file work.txt (compact mmCIF, C-alpha atoms)
# COMPACT_ATOMS: atom_id res chain seq x y z
CA MET A 13 -47.46 -98.93 55.02
CA THR A 14 -47.47 -95.36 53.60
CA ILE A 15 -44.72 -94.30 56.03
CA ASN A 16 -42.63 -97.34 55.09
CA ARG A 17 -42.88 -96.50 51.39
CA LEU A 18 -41.96 -92.86 51.98
CA ASN A 19 -39.00 -93.90 54.11
CA LEU A 20 -37.81 -96.26 51.38
CA ALA A 21 -38.18 -93.49 48.81
CA LEU A 22 -36.02 -91.15 50.89
CA LEU A 23 -33.45 -93.88 51.48
CA PHE A 24 -33.35 -94.70 47.76
CA ALA A 25 -32.79 -91.03 46.91
CA LEU A 26 -29.94 -90.85 49.41
CA THR A 27 -28.16 -93.99 48.23
CA SER A 28 -28.83 -94.34 44.52
CA THR A 29 -28.39 -90.86 43.04
CA THR A 30 -25.37 -90.47 40.79
CA THR A 31 -22.94 -87.88 42.18
CA LEU A 32 -23.02 -84.73 40.05
CA ALA A 33 -20.65 -81.78 39.81
CA ALA A 34 -22.83 -79.29 41.69
CA THR A 35 -22.01 -75.58 41.80
CA ASP A 36 -22.00 -74.01 45.25
CA ASN A 37 -24.06 -70.92 44.46
CA THR A 38 -25.00 -68.28 47.02
CA TYR A 39 -28.53 -68.56 48.42
CA GLN A 40 -31.14 -66.67 50.43
CA HIS A 41 -33.84 -69.36 50.70
CA ASP A 42 -33.12 -72.55 52.66
CA ALA A 43 -35.87 -75.21 52.84
CA SER A 44 -35.80 -78.84 53.96
CA LEU A 45 -37.99 -81.88 54.51
CA GLU A 46 -36.81 -84.73 56.73
CA TYR A 47 -38.02 -87.84 58.49
CA ALA A 48 -36.43 -88.67 61.86
CA GLY A 49 -36.86 -91.43 64.40
CA SER A 50 -35.27 -94.20 66.42
CA SER A 51 -34.05 -97.28 64.59
CA GLU A 52 -36.00 -99.32 67.16
CA ALA A 53 -39.33 -97.82 66.05
CA PHE A 54 -38.66 -95.89 62.84
CA ASP A 55 -42.33 -96.01 61.81
CA ASP A 56 -43.14 -93.89 64.88
CA GLY A 57 -40.83 -91.08 63.77
CA THR A 58 -41.55 -87.45 62.95
CA TRP A 59 -41.81 -85.50 59.71
CA ASN A 60 -40.12 -82.10 59.90
CA THR A 61 -40.20 -79.17 57.48
CA ASN A 62 -38.01 -76.08 57.84
CA TYR A 63 -37.63 -72.82 55.94
CA ARG A 64 -35.27 -69.86 56.44
CA TYR A 65 -34.83 -66.60 54.54
CA TYR A 66 -31.56 -64.65 54.76
CA PHE A 67 -31.67 -60.90 54.16
CA THR A 68 -28.37 -60.99 52.23
CA PRO A 69 -26.96 -63.82 50.04
CA VAL A 70 -25.15 -66.60 51.92
CA SER A 71 -21.92 -68.07 50.56
CA GLN A 72 -21.34 -71.83 50.83
CA ASP A 73 -18.37 -72.40 48.50
CA THR A 74 -15.58 -72.53 51.12
CA VAL A 75 -17.25 -73.52 54.42
CA PRO A 76 -19.06 -76.64 55.69
CA TYR A 77 -22.53 -76.78 54.14
CA ALA A 78 -24.21 -77.27 57.51
CA LEU A 79 -22.55 -74.15 58.96
CA SER A 80 -22.94 -71.65 56.12
CA GLY A 81 -25.96 -69.97 57.72
CA PHE A 82 -24.22 -69.45 61.06
CA LEU A 83 -20.99 -68.25 59.44
CA ALA A 84 -22.86 -65.77 57.23
CA GLN A 85 -23.62 -63.63 60.33
CA THR A 86 -26.60 -62.00 58.60
CA SER A 87 -30.20 -61.26 59.58
CA ASN A 88 -32.73 -64.01 58.88
CA LEU A 89 -36.28 -65.25 59.47
CA GLY A 90 -37.31 -68.89 59.82
CA GLY A 91 -40.10 -71.29 60.63
CA SER A 92 -40.66 -75.02 61.09
CA TYR A 93 -43.50 -77.54 61.33
CA SER A 94 -43.39 -81.12 62.64
CA LYS A 95 -45.94 -83.94 62.59
CA GLY A 96 -45.74 -87.29 64.38
CA GLU A 97 -47.60 -90.12 66.07
CA TYR A 98 -50.26 -89.77 68.81
CA GLY A 99 -51.55 -86.49 67.42
CA PHE A 100 -48.21 -84.73 67.85
CA SER A 101 -47.64 -81.50 65.95
CA SER A 102 -45.28 -78.59 66.53
CA PHE A 103 -44.84 -75.15 64.98
CA SER A 104 -42.12 -72.58 65.53
CA VAL A 105 -41.14 -69.20 64.15
CA ASP A 106 -37.94 -67.26 64.83
CA GLY A 107 -35.89 -64.33 63.65
CA GLU A 108 -32.42 -62.90 64.10
CA TYR A 109 -31.36 -59.31 63.46
CA VAL A 110 -27.65 -58.59 63.09
CA PHE A 111 -26.49 -54.99 63.53
CA ALA A 112 -23.58 -53.49 61.57
CA SER A 113 -21.52 -53.70 64.77
CA LYS A 114 -22.08 -57.52 64.78
CA TRP A 115 -24.25 -57.42 67.89
CA PHE A 116 -27.41 -59.45 67.33
CA VAL A 117 -30.81 -60.14 68.84
CA ASP A 118 -32.76 -63.36 68.30
CA ALA A 119 -36.34 -64.29 69.25
CA GLN A 120 -38.27 -67.57 68.91
CA TYR A 121 -41.74 -68.90 69.68
CA GLN A 122 -42.67 -72.61 69.64
CA THR A 123 -45.96 -74.35 70.33
CA SER A 124 -46.58 -78.11 70.40
CA ASP A 125 -49.47 -80.41 71.26
CA SER A 126 -50.43 -84.07 71.18
CA ASP A 127 -53.06 -86.40 72.58
CA TYR A 128 -51.39 -86.14 75.99
CA PHE A 129 -49.85 -82.67 76.38
CA ASP A 130 -49.49 -79.14 75.05
CA PHE A 131 -46.38 -77.01 75.24
CA ASP A 132 -45.37 -73.38 74.63
CA SER A 133 -41.89 -71.87 74.65
CA TYR A 134 -40.59 -68.29 74.31
CA ASN A 135 -36.93 -67.55 73.66
CA LEU A 136 -35.03 -64.25 73.57
CA SER A 137 -31.26 -63.97 72.95
CA PHE A 138 -28.69 -61.20 72.77
CA GLY A 139 -25.21 -61.84 71.44
CA TYR A 140 -22.10 -60.67 69.64
CA TYR A 141 -20.10 -62.10 66.74
CA PHE A 142 -16.62 -61.40 68.09
CA ASN A 143 -14.78 -62.67 65.00
CA LEU A 144 -15.63 -64.13 61.58
CA THR A 145 -16.44 -67.60 62.93
CA SER A 146 -17.47 -67.12 66.58
CA ALA A 147 -20.28 -65.78 68.76
CA ILE A 148 -21.17 -65.33 72.42
CA TYR A 149 -24.75 -64.98 73.63
CA ALA A 150 -27.11 -64.76 76.58
CA THR A 151 -30.57 -66.33 76.35
CA TYR A 152 -33.77 -66.33 78.38
CA VAL A 153 -36.25 -69.18 77.82
CA LYS A 154 -39.77 -69.48 79.27
CA ASP A 155 -41.45 -72.90 78.94
CA ASP A 156 -44.97 -73.91 79.95
CA SER A 157 -46.57 -77.34 79.54
CA ASP A 158 -49.89 -78.95 80.51
CA ARG A 159 -50.27 -82.72 80.62
CA ASN A 160 -53.24 -85.04 81.07
CA GLY A 161 -52.67 -88.29 82.94
CA LEU A 162 -54.30 -91.31 84.55
CA LEU A 163 -53.92 -92.83 88.01
CA ILE A 164 -53.99 -96.62 87.59
CA GLY A 165 -55.18 -98.85 90.46
CA PRO A 166 -53.58 -102.14 91.59
CA GLN A 167 -56.01 -104.13 89.44
CA GLY A 168 -55.21 -102.10 86.35
CA ASN A 169 -58.35 -100.02 86.65
CA ILE A 170 -58.41 -96.23 86.18
CA ASN A 171 -58.78 -94.60 89.59
CA SER A 172 -58.90 -90.97 88.45
CA TYR A 173 -57.68 -88.41 85.96
CA THR A 174 -54.97 -85.87 86.65
CA ARG A 175 -53.94 -82.62 85.02
CA SER A 176 -50.41 -81.36 85.54
CA ASN A 177 -48.61 -78.13 84.76
CA PHE A 178 -44.87 -77.73 84.35
CA SER A 179 -43.18 -74.36 83.86
CA SER A 180 -39.56 -73.29 83.81
CA ASP A 181 -37.39 -70.20 83.49
CA ARG A 182 -33.91 -70.69 82.02
CA PHE A 183 -31.01 -68.29 81.76
CA ILE A 184 -28.26 -69.44 79.39
CA LEU A 185 -24.76 -68.18 78.69
CA GLY A 186 -23.17 -69.65 75.58
CA VAL A 187 -20.30 -69.52 73.15
CA ARG A 188 -19.85 -71.06 69.70
CA SER A 189 -16.73 -71.04 67.54
CA PHE A 190 -15.76 -72.70 64.28
CA ILE A 191 -12.00 -73.29 64.02
CA PRO A 192 -10.80 -73.78 60.40
CA LEU A 193 -8.05 -76.36 59.92
CA GLN A 194 -5.60 -76.98 57.10
CA SER A 195 -5.87 -80.75 56.66
CA THR A 196 -9.63 -80.91 57.26
CA SER A 197 -12.42 -78.36 57.05
CA GLY A 198 -12.49 -77.53 60.77
CA ILE A 199 -14.09 -78.06 64.19
CA ASP A 200 -17.35 -76.52 65.41
CA LEU A 201 -17.22 -76.06 69.21
CA LYS A 202 -20.21 -75.19 71.40
CA GLY A 203 -20.55 -74.64 75.12
CA GLN A 204 -23.34 -73.28 77.27
CA LEU A 205 -24.17 -72.96 80.95
CA ALA A 206 -27.85 -72.97 81.88
CA PHE A 207 -29.46 -71.93 85.17
CA SER A 208 -33.05 -73.18 85.49
CA LYS A 209 -35.95 -72.85 87.91
CA PHE A 210 -38.85 -75.33 87.66
CA ASP A 211 -42.38 -75.19 89.04
CA TYR A 212 -44.62 -78.26 88.98
CA SER A 213 -48.24 -78.75 90.02
CA THR A 214 -50.79 -81.52 89.56
CA LYS A 215 -54.48 -81.80 90.35
CA ASN A 216 -56.57 -84.93 90.81
CA MET A 217 -59.68 -84.07 88.80
CA GLN A 218 -61.82 -86.56 90.77
CA THR A 219 -60.87 -85.71 94.34
CA GLY A 220 -59.73 -82.12 93.82
CA ASP A 221 -56.41 -82.80 95.63
CA ASN A 222 -53.52 -80.56 94.61
CA TYR A 223 -49.78 -81.09 94.77
CA SER A 224 -47.06 -78.60 93.86
CA ASP A 225 -43.28 -78.40 94.06
CA SER A 226 -40.37 -76.36 92.71
CA ASP A 227 -36.69 -76.98 92.03
CA ASP A 228 -33.67 -75.49 90.32
CA ALA A 229 -30.78 -76.88 88.33
CA THR A 230 -27.50 -75.90 86.73
CA VAL A 231 -26.44 -77.68 83.54
CA LEU A 232 -23.23 -77.44 81.51
CA GLU A 233 -23.47 -78.62 77.89
CA LEU A 234 -20.46 -79.15 75.62
CA SER A 235 -20.27 -80.41 72.03
CA ALA A 236 -17.75 -80.67 69.20
CA ASP A 237 -18.33 -81.50 65.52
CA TRP A 238 -15.26 -82.23 63.44
CA TYR A 239 -15.78 -81.55 59.73
CA LEU A 240 -13.44 -83.90 57.90
CA THR A 241 -14.76 -82.38 54.67
CA ARG A 242 -17.28 -79.63 53.99
CA ALA A 243 -19.91 -82.37 53.66
CA TRP A 244 -19.04 -84.93 56.38
CA SER A 245 -18.80 -84.44 60.13
CA VAL A 246 -18.40 -86.60 63.23
CA GLY A 247 -19.25 -85.26 66.65
CA ALA A 248 -19.61 -85.84 70.36
CA ASN A 249 -21.60 -84.19 73.13
CA TYR A 250 -21.31 -84.20 76.91
CA SER A 251 -23.50 -82.65 79.59
CA VAL A 252 -22.82 -82.15 83.31
CA GLN A 253 -26.02 -82.39 85.37
CA GLU A 254 -26.89 -83.04 89.01
CA ASP A 255 -28.23 -86.59 88.68
CA THR A 256 -26.49 -87.84 85.54
CA ASP A 257 -24.00 -86.78 82.87
CA PRO A 258 -25.53 -87.54 79.44
CA TYR A 259 -23.20 -88.05 76.48
CA GLY A 260 -23.29 -89.41 72.94
CA ILE A 261 -21.80 -89.38 69.46
CA SER A 262 -23.08 -88.47 66.01
CA THR A 263 -22.22 -88.21 62.34
CA ALA A 264 -23.80 -86.35 59.41
CA TYR A 265 -23.34 -86.19 55.66
CA HIS A 266 -24.47 -83.45 53.26
CA TRP A 267 -24.66 -84.98 49.77
CA ARG A 268 -24.80 -82.42 46.93
CA LEU A 269 -27.18 -83.66 44.22
CA THR A 270 -27.60 -80.58 42.00
CA ASP A 271 -26.78 -76.87 42.19
CA SER A 272 -29.87 -76.34 44.37
CA PHE A 273 -30.64 -79.66 46.09
CA SER A 274 -28.81 -81.86 48.58
CA ALA A 275 -29.59 -85.04 50.50
CA ILE A 276 -28.77 -85.03 54.21
CA ALA A 277 -28.33 -88.01 56.53
CA ARG A 278 -27.66 -87.88 60.28
CA VAL A 279 -27.05 -90.67 62.78
CA SER A 280 -26.64 -90.25 66.55
CA LYS A 281 -26.18 -92.61 69.48
CA SER A 282 -26.84 -91.87 73.15
CA PHE A 283 -24.76 -93.77 75.72
CA GLU A 284 -26.05 -92.01 78.83
CA PRO A 285 -28.92 -92.50 79.09
CA ASP A 286 -28.22 -95.82 77.38
CA GLU A 287 -30.83 -96.10 74.64
CA ASP A 288 -31.38 -99.05 72.32
CA GLY A 289 -30.59 -98.48 68.67
CA VAL A 290 -29.60 -95.19 67.06
CA PHE A 291 -31.46 -92.04 66.06
CA LEU A 292 -31.73 -91.56 62.29
CA SER A 293 -32.64 -88.56 60.17
CA LEU A 294 -33.02 -88.62 56.35
CA GLY A 295 -33.90 -85.52 54.40
CA ILE A 296 -33.79 -83.33 51.31
CA ASN A 297 -32.56 -79.73 51.39
CA GLY A 298 -33.07 -76.99 48.80
CA ARG A 299 -31.16 -73.71 48.62
CA PHE A 300 -31.96 -70.94 46.14
call {"tool": "encode", "arguments": {"input": "work.txt", "output": "structure tokens"}}
result
Amino acid sequence: MTINRLNLALLFALTSTTTLAATDNTYQHDASLEYAGSSEAFDDGTWNTNYRYYFTPVSQDTVPYALSGFLAQTSNLGGSYSKGEYGFSSFSVDGEYVFASKWFVDAQYQTSDSDYFDFDSYNLSFGYYFNLTSAIYATYVKDDSDRNGLLIGPQGNINSYTRSNFSSDRFILGVRSFIPLQSTSGIDLKGQLAFSKFDYSTKNMQTGDNYSDSDDATVLELSADWYLTRAWSVGANYSVQEDTDPYGISTAYHWRLTDSFSAIARVSKSFEPDEDGVFLSLGINGRF
């Protein structure tokens, strides 16, 4: 009931606030609170908080609001915290340092846990802003996850408990470019090629039996977000993988409420895999 009331409060704020003439001031502090989940089970969604500090003031008066941080090409520090159902919580911290030459280095750490698993991820990137709206980068990601499970017998009884470990090493090459347009704000294009190696092991805690395996994969991910205005975008994403080629569409709106606060709504739909309903995100953003 509490979640339903909070969701309704966010929705009311997004739909009932009178549009004001907000001034697009520069900012160095960017904080947000959002609630996200599937329309099929919105009560089982996740609360997310994010904060980022930019070392130099960021301008947002001529560019899409959602892209002002990327287009600023300045050093920054950030963190996030998420809380959801089944004991899920996640925390991350990251930082990017941009040299005067426009080369940059970025590092991130994330840890998550729930009633069923725990997860840790380390990320290190090197890149270069090769013009005012574009960057290339190379990234290494190390993931490690432990999961508790049950082996269910034919009569529905629990035969034994298992504990599994999944780890991966990923090497990513990527490019991102925002192309300004005359009739609309512009198009944000992203592409990255990932090479991954996976290691998997599981142990039956009752019998002591062990099983392990390894695999590798190459994935190409492409996306485009067209900003019809600085506040409204529509987008599409497509991924080339070995077993399937996931794709979907999305839209987002950044509604300026005051000089410092905005309401943000995002909707996305996955067609492959074909999922029921849509994914919704409603939030409030503050920039100072």
call {"tool": "closest_residue", "arguments": {"input": "work.txt", "among": "A:Phe190, A:Tyr109, A:Trp267, A:Tyr98", "to": "A:Asp127", "atoms": "only C-alpha atoms"}}
result
A:Tyr98
call {"tool": "residues_near_point", "arguments": {"input": "work.txt", "point": "(-39.7, -87.5, 60.5)", "cutoff": "7 Å", "atoms": "all atoms listed in the file", "output": "list in words"}}
result
Glu46, Tyr47, Ala48, Gly49, Gly57, Thr58, Trp59 and Asn60 of chain A
call {"tool": "axis_aligned_box", "arguments": {"input": "work.txt", "around": "stretch 114-132 of chain A", "padding_each_side": "4 Å", "output": "AutoDock Vina command-line options"}}
result
--center_x -37.6 --center_y -71.9 --center_z 70.6 --size_x 39.0 --size_y 37.0 --size_z 19.6
call {"tool": "closest_atom_pairs", "arguments": {"input": "work.txt", "of": "stretch 30-122 of chain A", "to": "stretch 243-256 of chain A", "cutoff": "10 Å", "atoms": "all atoms listed in the file", "output": "CSV"}}
result
residue,atom,partner,partner_atom,distance
A:Val75,CA,A:Ala243,CA,9.3
A:Pro76,CA,A:Ala243,CA,6.1
A:Tyr77,CA,A:Ala243,CA,6.2
A:Ala78,CA,A:Ala243,CA,7.7
call {"tool": "residues_around", "arguments": {"input": "work.txt", "residues": "A:Asn216", "least_positions_apart": "4", "cutoff": "9 Å", "atoms": "all atoms listed in the file", "output": "number ranges by chain"}}
result
A: 163, 172-176, 220-223
call {"tool": "write_last_selection", "arguments": {"input": "work.txt", "atoms": "C-alpha atoms", "output": "mmCIF file, in the frame of the given file"}}
result
data_model
loop_
_atom_site.group_PDB
_atom_site.id
_atom_site.type_symbol
_atom_site.label_atom_id
_atom_site.label_comp_id
_atom_site.auth_asym_id
_atom_site.auth_seq_id
_atom_site.Cartn_x
_atom_site.Cartn_y
_atom_site.Cartn_z
ATOM 1 C CA LEU A 163 -53.920 -92.830 88.010
ATOM 2 C CA SER A 172 -58.900 -90.970 88.450
ATOM 3 C CA TYR A 173 -57.680 -88.410 85.960
ATOM 4 C CA THR A 174 -54.970 -85.870 86.650
ATOM 5 C CA ARG A 175 -53.940 -82.620 85.020
ATOM 6 C CA SER A 176 -50.410 -81.360 85.540
ATOM 7 C CA GLY A 220 -59.730 -82.120 93.820
ATOM 8 C CA ASP A 221 -56.410 -82.800 95.630
ATOM 9 C CA ASN A 222 -53.520 -80.560 94.610
ATOM 10 C CA TYR A 223 -49.780 -81.090 94.770
#
call {"tool": "residues_around", "arguments": {"input": "work.txt", "residues": "A:Asn297", "least_positions_apart": "2", "cutoff": "7 Å", "atoms": "only C-alpha atoms", "output": "tab-separated table (two decimals) with C-alpha atoms, in the frame of the given file"}}
result
chain	number	residue	atom	x	y	z
A	43	ALA	CA	-35.87	-75.21	52.84
A	44	SER	CA	-35.80	-78.84	53.96
A	45	LEU	CA	-37.99	-81.88	54.51
A	273	PHE	CA	-30.64	-79.66	46.09
A	274	SER	CA	-28.81	-81.86	48.58
A	275	ALA	CA	-29.59	-85.04	50.50
A	295	GLY	CA	-33.90	-85.52	54.40
A	299	ARG	CA	-31.16	-73.71	48.62
call {"tool": "closest_residue", "arguments": {"input": "work.txt", "among": "A:Asp200, A:Asp158, A:Glu233, A:Glu108", "to": "A:Asp132", "atoms": "all atoms listed in the file"}}
result
A:Asp158
call {"tool": "atom_distance", "arguments": {"input": "work.txt", "atom1": "atom CA of A:Thr230", "atom2": "atom CA of A:Asp257"}}
result
12.1 Å
call {"tool": "closest_residue", "arguments": {"input": "work.txt", "among": "A:Pro258, A:Ala112, A:Leu79, A:His266", "to": "A:Glu284", "atoms": "all atoms listed in the file"}}
result
A:Pro258
call {"tool": "residues_around", "arguments": {"input": "work.txt", "residues": "A:Asp73", "least_positions_apart": "4", "cutoff": "9 Å", "atoms": "only C-alpha atoms", "output": "ChimeraX atom specification"}}
result
/A:35-38,77,80
call {"tool": "write_last_selection", "arguments": {"input": "work.txt", "atoms": "C-alpha atoms", "output": "PDB file, keeping the file's coordinate frame"}}
result
ATOM      1  CA  THR A  35     -22.010 -75.580  41.800  1.00  0.00           C
ATOM      2  CA  ASP A  36     -22.000 -74.010  45.250  1.00  0.00           C
ATOM      3  CA  ASN A  37     -24.060 -70.920  44.460  1.00  0.00           C
ATOM      4  CA  THR A  38     -25.000 -68.280  47.020  1.00  0.00           C
ATOM      5  CA  TYR A  77     -22.530 -76.780  54.140  1.00  0.00           C
ATOM      6  CA  SER A  80     -22.940 -71.650  56.120  1.00  0.00           C
TER       7      SER A  80
END
call {"tool": "atom_distance", "arguments": {"input": "work.txt", "atom1": "atom CA of A:Phe116", "atom2": "atom CA of A:Thr241"}}
result
29.1 Å
call {"tool": "atom_distance", "arguments": {"input": "work.txt", "atom1": "atom CA of A:Thr263", "atom2": "atom CA of A:Asp237"}}
result
8.4 Å
call {"tool": "closest_residue", "arguments": {"input": "work.txt", "among": "A:Val279, A:Ile191, A:Ala236, A:Val153", "to": "A:Ser208", "atoms": "all atoms listed in the file"}}
result
A:Val153
call {"tool": "residues_near_point", "arguments": {"input": "work.txt", "point": "(-28.1, -61.8, 54.7)", "cutoff": "7 Å", "atoms": "all atoms listed in the file", "output": "list in words"}}
result
Tyr66, Phe67, Thr68, Pro69, Val70, Thr86, Ser87 and Asn88 of chain A
call {"tool": "write_last_selection", "arguments": {"input": "work.txt", "atoms": "C-alpha atoms", "output": "compact mmCIF listing (two decimals), in the coordinates of the input"}}
result
# COMPACT_ATOMS: atom_id res chain seq x y z
CA TYR A 66 -31.56 -64.65 54.76
CA PHE A 67 -31.67 -60.90 54.16
CA THR A 68 -28.37 -60.99 52.23
CA PRO A 69 -26.96 -63.82 50.04
CA VAL A 70 -25.15 -66.60 51.92
CA THR A 86 -26.60 -62.00 58.60
CA SER A 87 -30.20 -61.26 59.58
CA ASN A 88 -32.73 -64.01 58.88
call {"tool": "closest_residue", "arguments": {"input": "work.txt", "among": "A:Gln204, A:Ser146, A:Ser104, A:Ser71", "to": "A:Arg188", "atoms": "only C-alpha atoms"}}
result
A:Ser146
call {"tool": "closest_residue", "arguments": {"input": "work.txt", "among": "A:Gln72, A:Ser213, A:Thr196, A:Asn62", "to": "A:Ser272", "atoms": "all atoms listed in the file"}}
result
A:Gln72
call {"tool": "decode", "arguments": {"input": "work.txt", "residues": "stretch 98-106 of chain A", "atoms": "all heavy atoms", "output": "short mmCIF file (atom, residue, chain, number, x, y, z; two decimals), in the first residue's frame"}}
result
data_model
loop_
_atom_site.label_atom_id
_atom_site.label_comp_id
_atom_site.auth_asym_id
_atom_site.auth_seq_id
_atom_site.Cartn_x
_atom_site.Cartn_y
_atom_site.Cartn_z
N TYR A 98 12.64 -8.67 -2.38
CA TYR A 98 13.42 -9.87 -2.08
C TYR A 98 14.81 -9.53 -1.53
O TYR A 98 15.79 -10.21 -1.82
CB TYR A 98 13.55 -10.76 -3.32
CG TYR A 98 12.22 -11.04 -3.98
CD1 TYR A 98 11.88 -10.44 -5.19
CD2 TYR A 98 11.28 -11.87 -3.36
CE1 TYR A 98 10.65 -10.68 -5.78
CE2 TYR A 98 10.05 -12.12 -3.95
CZ TYR A 98 9.74 -11.52 -5.16
OH TYR A 98 8.52 -11.75 -5.74
N GLY A 99 14.86 -8.47 -0.73
CA GLY A 99 16.11 -8.10 -0.10
C GLY A 99 17.14 -7.49 -1.02
O GLY A 99 18.31 -7.35 -0.64
N PHE A 100 16.73 -7.10 -2.22
CA PHE A 100 17.70 -6.57 -3.18
C PHE A 100 18.18 -5.18 -2.80
O PHE A 100 17.39 -4.30 -2.47
CB PHE A 100 17.09 -6.51 -4.58
CG PHE A 100 17.96 -5.79 -5.59
CD1 PHE A 100 19.05 -6.43 -6.15
CD2 PHE A 100 17.70 -4.47 -5.93
CE1 PHE A 100 19.86 -5.77 -7.06
CE2 PHE A 100 18.50 -3.81 -6.84
CZ PHE A 100 19.60 -4.46 -7.41
N SER A 101 19.48 -4.98 -2.86
CA SER A 101 20.07 -3.64 -2.71
C SER A 101 21.34 -3.60 -3.54
O SER A 101 22.00 -4.62 -3.77
CB SER A 101 20.38 -3.33 -1.24
OG SER A 101 21.37 -4.21 -0.74
N SER A 102 21.68 -2.39 -4.01
CA SER A 102 22.86 -2.24 -4.86
C SER A 102 23.48 -0.87 -4.61
O SER A 102 22.76 0.12 -4.41
CB SER A 102 22.46 -2.37 -6.34
OG SER A 102 23.60 -2.20 -7.19
N PHE A 103 24.80 -0.84 -4.61
CA PHE A 103 25.54 0.41 -4.39
C PHE A 103 26.66 0.49 -5.41
O PHE A 103 27.33 -0.51 -5.70
CB PHE A 103 26.11 0.45 -2.97
CG PHE A 103 27.10 1.57 -2.76
CD1 PHE A 103 26.67 2.87 -2.57
CD2 PHE A 103 28.47 1.31 -2.78
CE1 PHE A 103 27.58 3.90 -2.39
CE2 PHE A 103 29.38 2.33 -2.60
CZ PHE A 103 28.94 3.63 -2.40
N SER A 104 26.87 1.67 -5.96
CA SER A 104 27.97 1.85 -6.90
C SER A 104 28.62 3.21 -6.69
O SER A 104 27.97 4.16 -6.24
CB SER A 104 27.50 1.72 -8.35
OG SER A 104 26.72 2.83 -8.74
N VAL A 105 29.90 3.29 -7.03
CA VAL A 105 30.63 4.55 -6.99
C VAL A 105 31.53 4.59 -8.22
O VAL A 105 32.05 3.56 -8.65
CB VAL A 105 31.45 4.67 -5.69
CG1 VAL A 105 32.47 3.55 -5.56
CG2 VAL A 105 32.13 6.03 -5.60
N ASP A 106 31.67 5.77 -8.83
CA ASP A 106 32.48 5.87 -10.03
C ASP A 106 33.07 7.26 -10.15
O ASP A 106 32.64 8.21 -9.49
CB ASP A 106 31.65 5.56 -11.29
CG ASP A 106 30.60 6.63 -11.56
OD1 ASP A 106 29.49 6.54 -11.00
OD2 ASP A 106 30.91 7.56 -12.32
#
